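Student: File name upload31.tsv; file contents TSV, C-alpha atoms; full text below.
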chain	number	residue	atom	x	y	z
A	29	MET	CA	0.00	0.00	0.00
A	30	LYS	CA	2.82	2.29	0.93
A	31	ASN	CA	4.51	1.59	-2.42
A	32	ILE	CA	1.34	2.47	-4.30
A	33	LYS	CA	1.16	5.82	-2.56
A	34	LEU	CA	4.78	6.49	-3.44
A	35	ILE	CA	4.14	5.57	-7.06
A	36	ILE	CA	1.09	7.85	-7.20
A	37	ALA	CA	3.02	10.70	-5.58
A	38	GLY	CA	5.89	10.21	-7.98
A	39	ALA	CA	3.50	10.17	-10.92
A	40	LEU	CA	1.90	13.39	-9.73
A	41	VAL	CA	5.28	15.04	-9.29
A	42	LEU	CA	6.28	13.87	-12.76
A	43	ALA	CA	3.03	15.13	-14.27
A	44	ILE	CA	3.44	18.49	-12.59
A	45	GLY	CA	7.03	18.68	-13.79
A	46	VAL	CA	6.04	17.82	-17.35
A	47	GLY	CA	3.19	20.33	-17.19
A	48	LEU	CA	5.50	23.03	-15.92
A	49	TYR	CA	8.01	22.20	-18.64
A	50	PHE	CA	5.45	22.50	-21.43
A	51	TRP	CA	4.01	25.66	-19.81
A	52	TRP	CA	7.50	27.16	-19.73
A	53	GLN	CA	8.03	26.18	-23.35
A	54	TYR	CA	4.73	27.79	-24.33
A	55	GLU	CA	5.46	30.96	-22.39
A	56	ASP	CA	8.90	31.13	-23.94
A	57	ALA	CA	7.45	30.85	-27.45
A	58	HIS	CA	4.54	33.23	-26.69
A	59	PRO	CA	5.92	36.30	-24.87
A	60	SER	CA	3.14	38.37	-23.39
A	61	THR	CA	2.77	41.74	-21.69
A	62	GLU	CA	0.03	43.63	-19.90
A	63	ASP	CA	1.96	46.88	-20.27
A	64	ALA	CA	0.17	47.67	-23.51
A	65	PHE	CA	-2.37	50.22	-24.70
A	66	LEU	CA	-4.63	50.87	-27.68
A	67	ARG	CA	-3.58	53.79	-29.84
A	68	ALA	CA	-5.06	55.76	-32.73
A	69	HIS	CA	-4.17	58.93	-34.57
A	70	ILE	CA	-5.55	62.00	-32.81
A	71	VAL	CA	-6.03	65.21	-34.80
A	72	ASN	CA	-6.18	68.50	-32.91
A	73	VAL	CA	-8.91	70.45	-34.68
A	74	ALA	CA	-8.27	74.18	-35.11
A	75	ALA	CA	-9.54	76.97	-37.32
A	76	GLN	CA	-7.15	78.34	-39.94
A	77	VAL	CA	-8.50	81.87	-39.53
A	78	THR	CA	-9.53	83.91	-36.50
A	79	GLY	CA	-13.19	84.65	-35.94
A	80	GLN	CA	-16.26	84.34	-33.76
A	81	VAL	CA	-17.96	80.95	-33.69
A	82	ILE	CA	-21.55	81.23	-34.94
A	83	SER	CA	-22.47	77.53	-34.86
A	84	VAL	CA	-21.16	74.18	-33.62
A	85	ASP	CA	-22.52	71.35	-35.74
A	86	VAL	CA	-21.25	68.30	-33.80
A	87	HIS	CA	-21.49	66.89	-30.29
A	88	GLU	CA	-19.10	65.23	-27.87
A	89	ASN	CA	-18.23	61.61	-28.83
A	90	GLU	CA	-20.15	61.90	-32.11
A	91	LYS	CA	-18.95	59.74	-35.00
A	92	VAL	CA	-18.24	61.89	-38.07
A	93	THR	CA	-17.00	61.21	-41.58
A	94	LYS	CA	-14.38	63.10	-43.54
A	95	GLY	CA	-15.79	66.39	-44.80
A	96	THR	CA	-18.48	66.73	-42.13
A	97	VAL	CA	-18.95	70.36	-41.04
A	98	LEU	CA	-17.70	70.70	-37.45
A	99	PHE	CA	-18.27	74.40	-36.78
A	100	ARG	CA	-18.61	77.75	-38.55
A	101	LEU	CA	-17.06	81.17	-38.00
A	102	ASP	CA	-18.64	84.55	-38.76
A	103	PRO	CA	-17.78	85.07	-42.46
A	104	ALA	CA	-18.70	88.80	-42.68
A	105	GLN	CA	-15.19	90.30	-42.64
A	106	TYR	CA	-13.83	87.62	-44.95
A	107	ARG	CA	-16.72	88.06	-47.38
A	108	ASN	CA	-15.99	91.80	-47.44
A	109	ALA	CA	-12.33	91.06	-48.10
A	110	VAL	CA	-13.34	88.93	-51.09
A	111	LYS	CA	-15.50	91.75	-52.49
A	112	SER	CA	-12.68	94.25	-52.02
A	113	SER	CA	-10.21	91.93	-53.74
A	114	GLU	CA	-12.62	91.35	-56.61
A	115	ALA	CA	-12.83	95.15	-57.12
A	116	GLN	CA	-9.02	95.36	-57.12
A	117	VAL	CA	-8.84	92.62	-59.75
A	118	LYS	CA	-11.37	94.43	-61.94
A	119	MET	CA	-9.41	97.70	-61.69
A	120	ALA	CA	-6.15	95.94	-62.51
A	121	ARG	CA	-7.74	94.14	-65.47
A	122	ASP	CA	-9.21	97.41	-66.84
A	123	ALA	CA	-5.82	99.13	-66.48
A	124	LEU	CA	-4.18	96.27	-68.35
A	125	GLN	CA	-6.69	96.52	-71.16
A	126	ALA	CA	-5.95	100.27	-71.38
A	127	THR	CA	-2.24	99.58	-71.82
A	128	ALA	CA	-3.09	97.28	-74.71
A	129	ALA	CA	-4.65	100.24	-76.53
A	130	GLN	CA	-1.63	102.40	-75.69
A	131	ILE	CA	0.73	99.78	-77.09
A	132	GLN	CA	-1.29	99.59	-80.29
A	133	ALA	CA	-1.19	103.37	-80.68
A	134	ALA	CA	2.55	103.39	-79.93
A	135	LYS	CA	3.19	100.73	-82.58
A	136	GLN	CA	1.26	102.79	-85.13
A	137	GLY	CA	3.30	105.85	-84.12
A	138	VAL	CA	6.53	103.93	-84.64
A	139	GLY	CA	5.33	102.72	-88.02
A	140	SER	CA	4.37	106.24	-89.13
A	141	ALA	CA	7.62	107.76	-87.86
A	142	GLN	CA	9.64	105.00	-89.52
A	143	SER	CA	7.88	105.64	-92.84
A	144	THR	CA	8.46	109.40	-92.59
A	145	TYR	CA	12.12	108.85	-91.71
A	146	ASP	CA	12.64	106.40	-94.59
A	147	THR	CA	11.12	108.90	-97.04
A	148	ALA	CA	13.28	111.74	-95.71
A	149	LYS	CA	16.39	109.56	-95.88
A	150	LYS	CA	15.74	108.66	-99.51
A	151	GLN	CA	15.16	112.31	-100.29
A	152	LEU	CA	18.48	113.16	-98.60
A	153	ASP	CA	20.29	110.61	-100.74
A	154	ARG	CA	18.86	112.22	-103.89
A	155	THR	CA	19.68	115.69	-102.63
A	156	GLN	CA	23.30	114.72	-101.92
A	157	ALA	CA	23.61	113.32	-105.44
A	158	LEU	CA	22.22	116.52	-106.93
A	159	PHE	CA	24.54	118.62	-104.77
A	160	LYS	CA	27.59	116.70	-106.00
A	161	ASN	CA	26.49	117.45	-109.57
A	162	GLY	CA	25.98	121.11	-108.67
A	163	ASN	CA	22.27	121.04	-109.42
A	164	ILE	CA	21.14	122.34	-106.00
A	165	SER	CA	22.53	124.72	-103.45
A	166	GLU	CA	24.26	123.85	-100.19
A	167	ALA	CA	21.37	125.47	-98.30
A	168	ALA	CA	18.92	122.98	-99.82
A	169	LEU	CA	21.18	120.11	-98.77
A	170	GLU	CA	21.44	121.41	-95.23
A	171	GLN	CA	17.68	121.84	-95.05
A	172	GLN	CA	17.14	118.21	-96.09
A	173	GLN	CA	19.75	117.02	-93.58
A	174	SER	CA	17.95	118.97	-90.86
A	175	GLN	CA	14.68	117.34	-91.87
A	176	VAL	CA	16.21	113.85	-91.65
A	177	ALA	CA	17.57	114.66	-88.17
A	178	GLN	CA	14.11	115.82	-87.05
A	179	ASP	CA	12.50	112.68	-88.44
A	180	GLN	CA	15.16	110.53	-86.70
A	181	ALA	CA	14.35	112.27	-83.40
A	182	SER	CA	10.64	111.66	-83.97
A	183	LEU	CA	11.33	107.97	-84.67
A	184	ASP	CA	13.44	107.65	-81.52
A	185	LYS	CA	10.68	109.30	-79.50
A	186	ALA	CA	8.07	106.94	-80.96
A	187	ARG	CA	10.23	103.92	-80.15
A	188	SER	CA	10.73	105.21	-76.61
A	189	SER	CA	6.97	105.58	-76.24
A	190	LEU	CA	6.50	101.98	-77.38
A	191	THR	CA	9.12	100.76	-74.89
A	192	GLN	CA	7.40	102.68	-72.11
A	193	ALA	CA	4.02	101.26	-73.11
A	194	ASN	CA	5.43	97.71	-73.01
A	195	SER	CA	6.94	98.41	-69.60
A	196	ASP	CA	3.60	99.77	-68.37
A	197	GLN	CA	1.88	96.64	-69.65
A	198	GLN	CA	4.29	94.39	-67.73
A	199	SER	CA	3.72	96.48	-64.60
A	200	LYS	CA	-0.05	96.22	-65.04
A	201	GLN	CA	0.24	92.45	-65.56
A	202	ASP	CA	2.19	92.19	-62.30
A	203	SER	CA	-0.47	94.28	-60.55
A	204	LEU	CA	-3.20	92.04	-61.93
A	205	ALA	CA	-1.35	88.89	-60.80
A	206	SER	CA	-0.91	90.39	-57.32
A	207	ALA	CA	-4.60	91.34	-57.12
A	208	GLN	CA	-5.62	87.85	-58.26
A	209	ALA	CA	-3.37	86.31	-55.60
A	210	GLN	CA	-4.95	88.52	-52.95
A	211	LEU	CA	-8.39	87.47	-54.18
A	212	ALA	CA	-7.42	83.79	-53.99
A	213	THR	CA	-6.16	84.29	-50.43
A	214	ALA	CA	-9.31	86.16	-49.44
A	215	GLN	CA	-11.48	83.42	-50.93
A	216	LEU	CA	-9.44	80.76	-49.14
A	217	ASN	CA	-9.87	82.57	-45.83
A	218	LEU	CA	-13.61	82.78	-46.47
A	219	ASP	CA	-13.71	79.04	-47.19
A	220	HIS	CA	-11.83	78.40	-43.94
A	221	THR	CA	-14.67	79.93	-41.92
A	222	VAL	CA	-16.36	76.56	-42.40
A	223	VAL	CA	-14.26	73.96	-40.56
A	224	LYS	CA	-14.70	70.36	-41.72
A	225	ALA	CA	-13.53	67.00	-40.40
A	226	PRO	CA	-10.15	66.04	-41.90
A	227	ALA	CA	-10.85	62.30	-41.47
A	228	ASP	CA	-13.36	59.76	-40.19
A	229	GLY	CA	-13.44	59.52	-36.42
A	230	TRP	CA	-14.97	60.51	-33.10
A	231	ILE	CA	-15.21	64.00	-31.62
A	232	SER	CA	-13.51	64.29	-28.23
A	233	ASN	CA	-12.89	67.01	-25.63
A	234	LEU	CA	-15.45	69.28	-27.26
A	235	ASP	CA	-16.12	72.39	-25.20
A	236	LEU	CA	-16.70	74.88	-28.02
A	237	ARG	CA	-19.82	77.04	-27.99
A	238	PRO	CA	-21.34	79.66	-30.32
A	239	GLY	CA	-20.10	83.12	-29.43
A	240	ALA	CA	-16.60	81.98	-28.53
A	241	THR	CA	-13.63	83.44	-30.37
A	242	ALA	CA	-11.47	80.95	-32.24
A	243	SER	CA	-7.87	81.97	-32.83
A	244	ALA	CA	-6.14	80.71	-35.93
A	245	TYR	CA	-4.23	77.45	-35.44
A	246	THR	CA	-5.17	77.20	-31.76
A	247	PRO	CA	-6.46	73.64	-30.99
A	248	LEU	CA	-10.11	73.63	-29.92
A	249	PHE	CA	-10.91	69.92	-29.57
A	250	ALA	CA	-9.73	66.53	-30.78
A	251	LEU	CA	-10.75	64.06	-33.46
A	252	VAL	CA	-9.83	60.43	-32.80
A	253	GLU	CA	-9.38	58.82	-36.23
A	254	SER	CA	-11.12	55.50	-36.79
A	255	ASP	CA	-9.35	54.17	-39.87
A	256	LYS	CA	-6.20	52.80	-38.22
A	257	TRP	CA	-5.60	51.33	-34.77
A	258	TRP	CA	-2.51	49.83	-33.21
A	259	VAL	CA	-1.23	48.59	-29.86
A	260	GLU	CA	1.79	50.08	-28.17
A	261	ALA	CA	3.11	47.12	-26.17
A	262	ASN	CA	6.15	47.35	-23.89
A	263	PHE	CA	8.01	44.03	-23.85
A	264	LYS	CA	10.98	43.06	-21.72
A	265	GLU	CA	14.28	43.28	-23.51
A	266	THR	CA	14.76	39.56	-22.90
A	267	ASP	CA	11.70	38.88	-25.11
A	268	LEU	CA	12.98	40.80	-28.13
A	269	THR	CA	15.35	38.06	-29.29
A	270	ARG	CA	12.31	36.03	-30.40
A	271	ILE	CA	10.06	38.80	-31.71
A	272	ARG	CA	10.11	39.53	-35.43
A	273	THR	CA	8.06	41.82	-37.65
A	274	GLY	CA	5.03	40.15	-39.17
A	275	GLN	CA	4.49	37.66	-36.35
A	276	PRO	CA	0.82	37.24	-35.37
A	277	VAL	CA	-0.37	38.71	-32.09
A	278	SER	CA	-3.39	37.87	-29.95
A	279	ILE	CA	-4.88	40.86	-28.13
A	280	SER	CA	-7.27	40.98	-25.18
A	281	ILE	CA	-8.89	44.27	-24.15
A	282	ASP	CA	-9.61	44.82	-20.47
A	283	MET	CA	-12.79	46.80	-21.11
A	284	LEU	CA	-14.12	44.11	-23.47
A	285	PRO	CA	-13.97	40.78	-21.59
A	286	GLY	CA	-14.02	37.76	-23.85
A	287	VAL	CA	-13.15	39.73	-26.99
A	288	LYS	CA	-10.02	38.57	-28.82
A	289	LEU	CA	-8.49	40.70	-31.54
A	290	LYS	CA	-5.81	39.79	-34.04
A	291	GLY	CA	-2.84	41.77	-35.24
A	292	HIS	CA	0.79	41.48	-36.24
A	293	VAL	CA	4.10	42.95	-35.14
A	294	GLU	CA	4.74	46.07	-37.20
A	295	SER	CA	7.96	47.40	-35.69
A	296	VAL	CA	10.12	47.52	-32.58
A	297	GLY	CA	11.29	50.76	-30.98
A	298	ALA	CA	14.89	51.81	-31.47
A	299	GLY	CA	15.30	52.68	-27.79
A	300	SER	CA	13.90	51.75	-24.40
A	301	GLY	CA	11.18	53.78	-22.76
A	302	SER	CA	13.60	55.32	-20.27
A	303	THR	CA	15.83	56.52	-23.11
A	304	PHE	CA	13.18	58.94	-24.36
A	305	SER	CA	11.88	60.02	-20.96
A	306	LEU	CA	12.19	63.63	-19.85
A	307	LEU	CA	14.67	62.64	-17.14
A	308	PRO	CA	16.65	59.59	-18.35
A	309	SER	CA	17.99	57.32	-15.62
A	310	GLU	CA	21.54	58.05	-14.47
A	311	ASN	CA	23.51	54.86	-13.91
A	312	ALA	CA	26.88	56.40	-13.08
A	313	SER	CA	26.72	55.68	-9.36
A	314	GLY	CA	28.01	53.07	-6.95
A	315	ASN	CA	24.45	52.06	-6.04
A	316	TRP	CA	23.50	50.99	-9.54
A	317	VAL	CA	21.04	48.10	-9.73
A	318	LYS	CA	20.38	46.29	-12.99
A	319	VAL	CA	16.76	46.64	-14.09
A	320	THR	CA	15.26	44.84	-17.05
A	321	GLN	CA	14.38	47.48	-19.64
A	322	ARG	CA	11.24	47.54	-21.76
A	323	PHE	CA	11.01	48.38	-25.44
A	324	ALA	CA	7.91	49.56	-27.29
A	325	VAL	CA	6.64	47.10	-29.89
A	326	ARG	CA	4.09	48.49	-32.32
A	327	ILE	CA	1.36	46.00	-33.19
A	328	ALA	CA	-0.96	46.74	-36.11
A	329	LEU	CA	-4.54	45.59	-35.55
A	330	ASP	CA	-6.51	43.73	-38.17
A	331	LYS	CA	-9.80	45.27	-39.28
A	332	THR	CA	-12.58	44.78	-36.76
A	333	ASP	CA	-16.15	45.95	-36.15
A	334	VAL	CA	-15.55	46.19	-32.39
A	335	GLN	CA	-15.88	49.68	-30.91
A	336	LEU	CA	-12.35	50.62	-29.84
A	337	ARG	CA	-11.22	53.41	-27.56
A	338	THR	CA	-7.73	54.88	-27.58
A	339	GLY	CA	-5.74	54.46	-24.37
A	340	ALA	CA	-7.51	51.25	-23.32
A	341	SER	CA	-5.37	48.68	-21.48
A	342	VAL	CA	-4.74	45.44	-23.34
A	343	THR	CA	-2.79	42.24	-23.04
A	344	ALA	CA	-0.69	41.36	-26.09
A	345	THR	CA	0.69	37.87	-26.75
A	346	VAL	CA	3.08	37.29	-29.67
A	347	ASP	CA	3.24	33.91	-31.39
A	348	THR	CA	6.96	33.66	-32.13
A	349	THR	CA	6.58	30.20	-33.67
A	350	ALA	CA	5.06	31.73	-36.81
A	351	GLY	CA	8.44	33.10	-37.89
A	352	GLY	CA	7.19	36.50	-39.11
A	353	ASP	CA	7.45	37.82	-42.66
A	354	GLY	CA	11.06	36.85	-43.18
A	355	SER	CA	12.48	40.30	-42.40
A	356	ASP	CA	15.37	40.91	-40.08
A	357	GLN	CA	14.91	40.19	-36.42
A	358	ALA	CA	12.97	42.92	-34.67
A	359	GLY	CA	15.12	45.46	-32.94
A	360	GLN	CA	18.18	44.83	-35.15
In structure tokens, write the structure found in this file.

Tutor:
Amino acid sequence: MKNIKLIIAGALVLAIGVGLYFWWQYEDAHPSTEDAFLRAHIVNVAAQVTGQVISVDVHENEKVTKGTVLFRLDPAQYRNAVKSSEAQVKMARDALQATAAQIQAAKQGVGSAQSTYDTAKKQLDRTQALFKNGNISEAALEQQQSQVAQDQASLDKARSSLTQANSDQQSKQDSLASAQAQLATAQLNLDHTVVKAPADGWISNLDLRPGATASAYTPLFALVESDKWWVEANFKETDLTRIRTGQPVSISIDMLPGVKLKGHVESVGAGSGSTFSLLPSENASGNWVKVTQRFAVRIALDKTDVQLRTGASVTATVDTTAGGDGSDQAGQ
């Protein structure tokens, strides 16, 4: 009887030992951490122009889609700026059209002066030939030379007028381009009085009310994007030797008992959490104690219909037996 009890006790001890061995093997191949949290992109919503809020079109924790109107600012001053800029564009365009007429007149003046000069020059050539033959007096020659000089001066003046008209046209074109740019800016500012959602997501920390003044680029509330979620899991450095990108991950969420999500290792942080802290640990002392460091492992979640909330605590378990996607070992 005593021998039977010893055999049973030995069998139990052996079974426990074998169970512990296989449990250790499983734990070694499936590193897990509870130091993990759900994350999502968070957009700080702000107006791009300053103005008084006249309406808020969303509510706290409301689900919105990209392009949904979030709130509106008083557009009066920006609408007036658009009207003023439109008037400036019209004036600049009219001035440019006027220079076109001036250029046309200047070109005709150059053509007329050139024709007059060419005629006078030909007449001078004939007069010089007649003078050499003694058929006309020196006074007649000098008179024709004076006429050619006058016509040359008139041609130079006409050409100068054309150059000035072309310069005025370029200046008016620059003025028109500047006025059009101011109009585009004014219209853009007017459009920015209607603030829309930049992505799909949930409204959070909304405390905006009509009548409040919104300053340009000052965050007013947050938008938690819903298109991409990941887990930021902090694993012990001793686990990283087995973790590779692409390995499947099982995820349990504390606020959703019984729900299991799937994901895969996306990347491993290049430094431990203490490395990037505001006050990194100082080990240069005689009382230094070795502490196992933790490194952030980013885990991409597969698509799911489950309502997720950023910052939720999760438990992440990596299946290192899958081998990953064949890339280099995580962390290297």

Student: Pick from A:Lys264, A:Trp230, A:Ser280, A:Thr273: nearest to A:Lys94, with only C-alpha atoms counted?

Tutor: A:Trp230

Student: Could you tell me which of A:Gln136, A:Thr345, A:Ser189, A:Thr96 comes closest to A:Val277 if we count all atoms listed in the file?

Tutor: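 Smallest separation from A:Val277 among the options: A:Thr345.
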
Student: Using only C-alpha atoms for the distances, tell me which of A:His87, A:Arg322, A:Lys290, A:Lys200 is nearest to A:Glu265.

Tutor: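 Using only C-alpha atoms, the shortest distance to A:Glu265 belongs to A:Arg322.
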
Student: What gap, in Å, lies between atom CA of A:Ala250 and atom CA of A:Ser300?

Tutor: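 Answer for the atom CA of A:Ala250 to atom CA of A:Ser300 separation: 28.6 Å.
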
Student: If I take atom CA of A:Ala350 and atom CA of A:Val259, how far is one from the other in Å, to one decimal?

Tutor: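 Those two atoms sit 19.3 Å apart.
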
Student: Return the single residue from A:Ala75, A:Ala207, A:Leu66, A:Ala324 that is closest to A:Asp267, with distances computed using only C-alpha atoms.

Tutor: A:Ala324

Student: To one decimal in Å, tell me the separation between atom CA of A:Leu98 and atom CA of A:Val86.

Tutor: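 Those two atoms sit 5.6 Å apart.
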
Student: Counting all atoms listed in the file, which of A:Val252, A:Gln208, A:Ala225, A:Ser83 gets nearest to A:Ser112?

Tutor: A:Gln208

Student: From the list A:Gly297, A:Thr191, A:Lys318, A:Gln180, which residue is nearest A:Thr127 when using all atoms listed in the file?

Tutor: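 Looking only at the distances to A:Thr127, the closest residue turns out to be A:Thr191.
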
Student: Extract, using all atoms listed in the file, all DNA, RNA and protein residues at most 8 Å from A:Phe249, discarding same-chain residues fewer than 5 positions from it, and format them as a ChimeraX atom specification.

Tutor: /A:72-74,231-236

Student: List as number ranges by chain the residues having at least one atom at most 8 Å from position (-9.0, 57.3, -36.3) as given in the file, counting all atoms listed in the file.

Tutor: A: 68-70, 227-230, 251-257
